[in-house]
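Data block below; observations after.
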Amino acid sequence: MNQSSRINYNRGDETMTGAFYHSCLGKLLILAGIVVVLLIIAYFTAPTEREMRDEINDDIMQCMEMNDSIRGDQIDDYVHNIGFIFTTADSTKVGQEWREAFDKYNRVEIYRHTFFTTAYVYNNILTEGSRVGIGAFGVVVPTMNFNDFLLRVGPMHKGYDQKLIRTTVIPDNDLGTNPNIQEYHYKRNPDD
């Protein structure tokens with residue numbers, strides 16, 4: 001059968017590679033190949049423990065700089081963490097006493113996984129640790145919050161026989177009456 005317009009007419013003489021690219025199995029194998037190449041690149045570009053520790057320490061100092069007077073909400077923390085990727089800490093802004101307090105009460109642990117590296121901070125409050133950074137493809141992304149750090153320690157109560165939180169009891173004093181507060185009475189509309 002001949003067709004008058006040969007622009008859209010395919011006679012079936014497609015090559016083997018063309019058929020492979022257009023088949024579902026071919027697309028899946030190409031996708032799997034791309035994923036394998038990305039995983040190999042991730043394996044070789046994951047930050048080392050030293051690179052991760054240097055970057056996380058810098059990010060911790062920047063977090064302390066940002067939160068020395070005003071602490072923001074979670075959105076501020078996300079924006080600051082993204083900014084910490086591209087900037088470095090100013091060593092003159094954060095006092096030496098903050099750095100010493102951080103080193104005294106906190107410890108940073110770096111864990112190397114197959115394709116990425118994570119950093120956790122441990123202290124007496126967060127005994128299970130809190131993740132403060134993820135490193136992959138040669139980039140360290142901080143995920144820290146100022147509340148992850150323990151910077152001062154003090155007694156929570158005066159003695160062991162006292163409760164941590166004292167509950168306050170409202171006395172049974174008569175607060176008076178309010179003439180505007182009345183019981184609710186349903187009145188039916190006579191028009192209904």
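Naming works like this for the structure tokens: A, B, ... for the chains as they're shown, residue 1 at the start of each chain, ligands 1 onward in shown order.
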
Shell around Asp58 (chain A) at 9 Å using only C-alpha atoms, local window under 6 positions removed, as a PDB file with N, CA and C atoms, in the first residue's frame:
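After the write, selection_15.pdb holds the following:
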```pdb
ATOM      1  N   PHE A  84      24.068  29.177  55.014  1.00  0.00           N
ATOM      2  CA  PHE A  84      25.314  28.676  55.599  1.00  0.00           C
ATOM      3  C   PHE A  84      26.132  27.849  54.607  1.00  0.00           C
ATOM      4  N   THR A  88      30.833  31.700  55.275  1.00  0.00           N
ATOM      5  CA  THR A  88      31.664  31.204  56.370  1.00  0.00           C
ATOM      6  C   THR A  88      31.428  32.072  57.599  1.00  0.00           C
ATOM      7  N   ALA A  89      31.768  31.550  58.758  1.00  0.00           N
ATOM      8  CA  ALA A  89      31.532  32.250  60.015  1.00  0.00           C
ATOM      9  C   ALA A  89      32.536  33.370  60.209  1.00  0.00           C
TER      10      ALA A  89
END
```

- [ ] DSSP on the backbone, then: every residue of region 1-146 of chain A marked strand (DSSP E or B), written as a PyMOL selection string.
- [x] chain A and resi 107-112+117-122+130-136+139-142

TODO: Within 9 Å of Leu126 (chain A), counting only C-alpha atoms, which residues show up once you throw out same-chain ones fewer than 5 positions away? Write them as a list in words, please.
DONE: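 Near Leu126 (chain A), the qualifying residues are Val121, Asp148, Phe149 and Leu150 of chain A.
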
TODO: List the neighbours of Ile41 (chain A) out to 12 Å using only C-alpha atoms; skip same-chain residues closer than 6 positions along the sequence, and give me the result as a PyMOL selection string.
DONE: chain A and resi 34-35+47+114-116+136-138
